[in-house]
Amino acid sequence: MADNAVDKTIEKAQDDTSTVLEKAKQAEGQVLDAVDTAQENIGKATPVTTKAEYDTVATPSDVKSRLDWGEPALTIIDIRDREAFNNERIMGAVSMPTDVLVERVKQSMTPERDIFVYGESDKDTSAAAIQLQEAGFQKVSVIKGGLPAWKAINGAVEGRGQAPGLLEKGGASLTGQNATP
């Protein structure tokens with residue numbers, strides 16, 4: 001009789017275990033579905049581009065939004081000559097004049113890197129972007145309107161040519177910056 005009671009207890013424990021495991025599997029499935037939904041919604045809410053959304057022309061506001069969000073995986077390239085770059089540039093831009101552009105980008109960046117280019121004119125900038133695309137770089141965009149358009153939206157600039165008092169007039173420029181040699 002005692003064996004029968006033990007068998008029933010074991011059988012009930014196994015049934016209870018099976019029920020708990022089934023509930024756990026269902027809960028796990030619900031959690032995984034919720035994670036998938038959250039990741040999909042987060043992807044829609046962030047300004048990070050995907051291959052399907054990538055565009056070869058970016059407005060200064062597009063680039064500024066990504067920087068303001070803290071997007072780490074992008075590079076801004078200034079293709080103007082070194083003197084113009086040292087005088088004034090988009091904050092954080094790197095100088096790579098067109099005569100050494102492709103060579104220097106190949107040495108320092110992967111082909112998947114998001115690259116934003118600006119120069120003296122949209123025509124020069126477009127030509128530089130085409131060079132980079134032909135060299136195998138997949139995500140190259142021109143910043144439409146270049147530095148003047150960037151400044152028009154109060155994008156941060158730096159360089160030795162900053163006029164004192166610009167910050168008091170509402171500009172986003174920094175004064176007294178050391179120029180890059």
# chains A, B, ... in the order shown; residues from 1 in each chain; ligands from 1
$ select_by_dssp --residues "segment 40-120 of chain A" --states "alpha helix (DSSP H)" --output "PyMOL selection string"
chain A and resi 40-45+60-69+82-87+101-108
$ select_by_dssp --residues "segment 6-147 of chain A" --states "strand (DSSP E)" --output "list of chain:residue names"
A:Val57, A:Ala58, A:Leu74, A:Thr75, A:Ile76, A:Ile77, A:Asp78, A:Arg89, A:Ile90, A:Val94, A:Ser95, A:Asp114, A:Ile115, A:Phe116, A:Val117, A:Tyr118, A:Lys139, A:Val140, A:Ser141, A:Val142, A:Ile143
$ write_last_selection --atoms "C-alpha atoms" --output "tab-separated table (two decimals), in the first residue's frame"
chain	number	residue	atom	x	y	z
A	57	VAL	CA	22.70	62.54	-50.16
A	58	ALA	CA	22.30	63.57	-46.54
A	74	LEU	CA	30.26	57.38	-38.86
A	75	THR	CA	33.04	59.55	-40.23
A	76	ILE	CA	32.77	63.07	-41.61
A	77	ILE	CA	35.40	63.86	-44.24
A	78	ASP	CA	36.34	67.40	-45.28
A	89	ARG	CA	35.36	72.78	-40.22
A	90	ILE	CA	32.52	70.66	-38.96
A	94	VAL	CA	38.85	64.70	-40.67
A	95	SER	CA	40.84	66.32	-43.44
A	114	ASP	CA	29.21	55.27	-42.89
A	115	ILE	CA	31.11	58.12	-44.53
A	116	PHE	CA	29.77	61.66	-44.95
A	117	VAL	CA	31.73	63.97	-47.26
A	118	TYR	CA	31.67	67.73	-47.75
A	139	LYS	CA	27.89	53.86	-47.47
A	140	VAL	CA	29.11	57.19	-48.78
A	141	SER	CA	26.88	60.26	-48.61
A	142	VAL	CA	27.44	63.88	-49.47
A	143	ILE	CA	26.41	66.48	-46.92
$ closest_atom_pairs --of "segment 52-133 of chain A" --to "segment 154-158 of chain A" --cutoff "9 Å" --atoms "only C-alpha atoms" --output "Markdown table"
| residue | atom | partner | partner_atom | distance |
| --- | --- | --- | --- | --- |
| A:Pro60 | CA | A:Gly155 | CA | 7.9 |
| A:Ser61 | CA | A:Gly155 | CA | 8.4 |
| A:Lys64 | CA | A:Gly155 | CA | 6.8 |
| A:Asn86 | CA | A:Glu158 | CA | 8.5 |
| A:Asn87 | CA | A:Glu158 | CA | 8.0 |
| A:Glu88 | CA | A:Glu158 | CA | 5.6 |
| A:Arg89 | CA | A:Val157 | CA | 5.4 |
| A:Ile90 | CA | A:Val157 | CA | 4.5 |
| A:Met91 | CA | A:Val157 | CA | 4.6 |
| A:Gly92 | CA | A:Glu158 | CA | 8.3 |
$ closest_residue --among "A:Glu22, A:Asp99, A:Asp33, A:Asp7" --to "Ile79 of chain A" --atoms "only C-alpha atoms"
A:Asp99
$ residues_around --residues "Leu101 of chain A" --least-positions-apart "4" --cutoff "9 Å" --atoms "only C-alpha atoms" --output "ChimeraX atom specification"
/A:79,95-97,105-106,128,131-132
$ write_last_selection --atoms "N, CA and C atoms" --output "compact mmCIF listing (two decimals), in the first residue's frame"
# COMPACT_ATOMS: atom_id res chain seq x y z
N ILE A 79 36.93 67.46 -47.67
CA ILE A 79 37.84 67.28 -48.80
C ILE A 79 38.50 68.59 -49.24
N SER A 95 40.39 65.74 -42.18
CA SER A 95 40.84 66.32 -43.44
C SER A 95 41.41 65.25 -44.35
N MET A 96 40.82 65.15 -45.54
CA MET A 96 41.33 64.22 -46.56
C MET A 96 41.08 64.86 -47.92
N PRO A 97 42.01 65.72 -48.35
CA PRO A 97 41.84 66.36 -49.65
C PRO A 97 41.71 65.33 -50.77
N VAL A 105 41.48 56.86 -47.10
CA VAL A 105 40.28 56.19 -46.59
C VAL A 105 40.49 54.68 -46.59
N LYS A 106 41.12 54.14 -47.64
CA LYS A 106 41.40 52.69 -47.68
C LYS A 106 42.29 52.27 -46.53
N ALA A 128 33.99 63.43 -55.15
CA ALA A 128 34.74 62.69 -54.13
C ALA A 128 33.95 61.47 -53.67
N GLN A 131 34.26 58.75 -56.20
CA GLN A 131 35.58 58.09 -56.10
C GLN A 131 35.57 57.02 -55.00
N LEU A 132 35.00 57.38 -53.86
CA LEU A 132 34.97 56.43 -52.74
C LEU A 132 34.07 55.23 -53.05
$ atom_distance --atom1 "atom CA of Glu103 of chain A" --atom2 "atom CA of Arg80 of chain A"
15.9 Å
$ atom_distance --atom1 "atom CA of Thr59 of chain A" --atom2 "atom CA of Lys144 of chain A"
5.3 Å
$ closest_residue --among "A:Phe137, A:Val20, A:Ala129, A:Leu67" --to "Ser108 of chain A" --atoms "only C-alpha atoms"
A:Phe137
$ closest_residue --among "A:Gly136, A:Gly159, A:Pro72, A:Pro148" --to "Val102 of chain A" --atoms "only C-alpha atoms"
A:Gly136
$ closest_residue --among "A:Asp16, A:Ser126, A:Ala24, A:Trp150" --to "Thr56 of chain A" --atoms "only C-alpha atoms"
A:Ser126
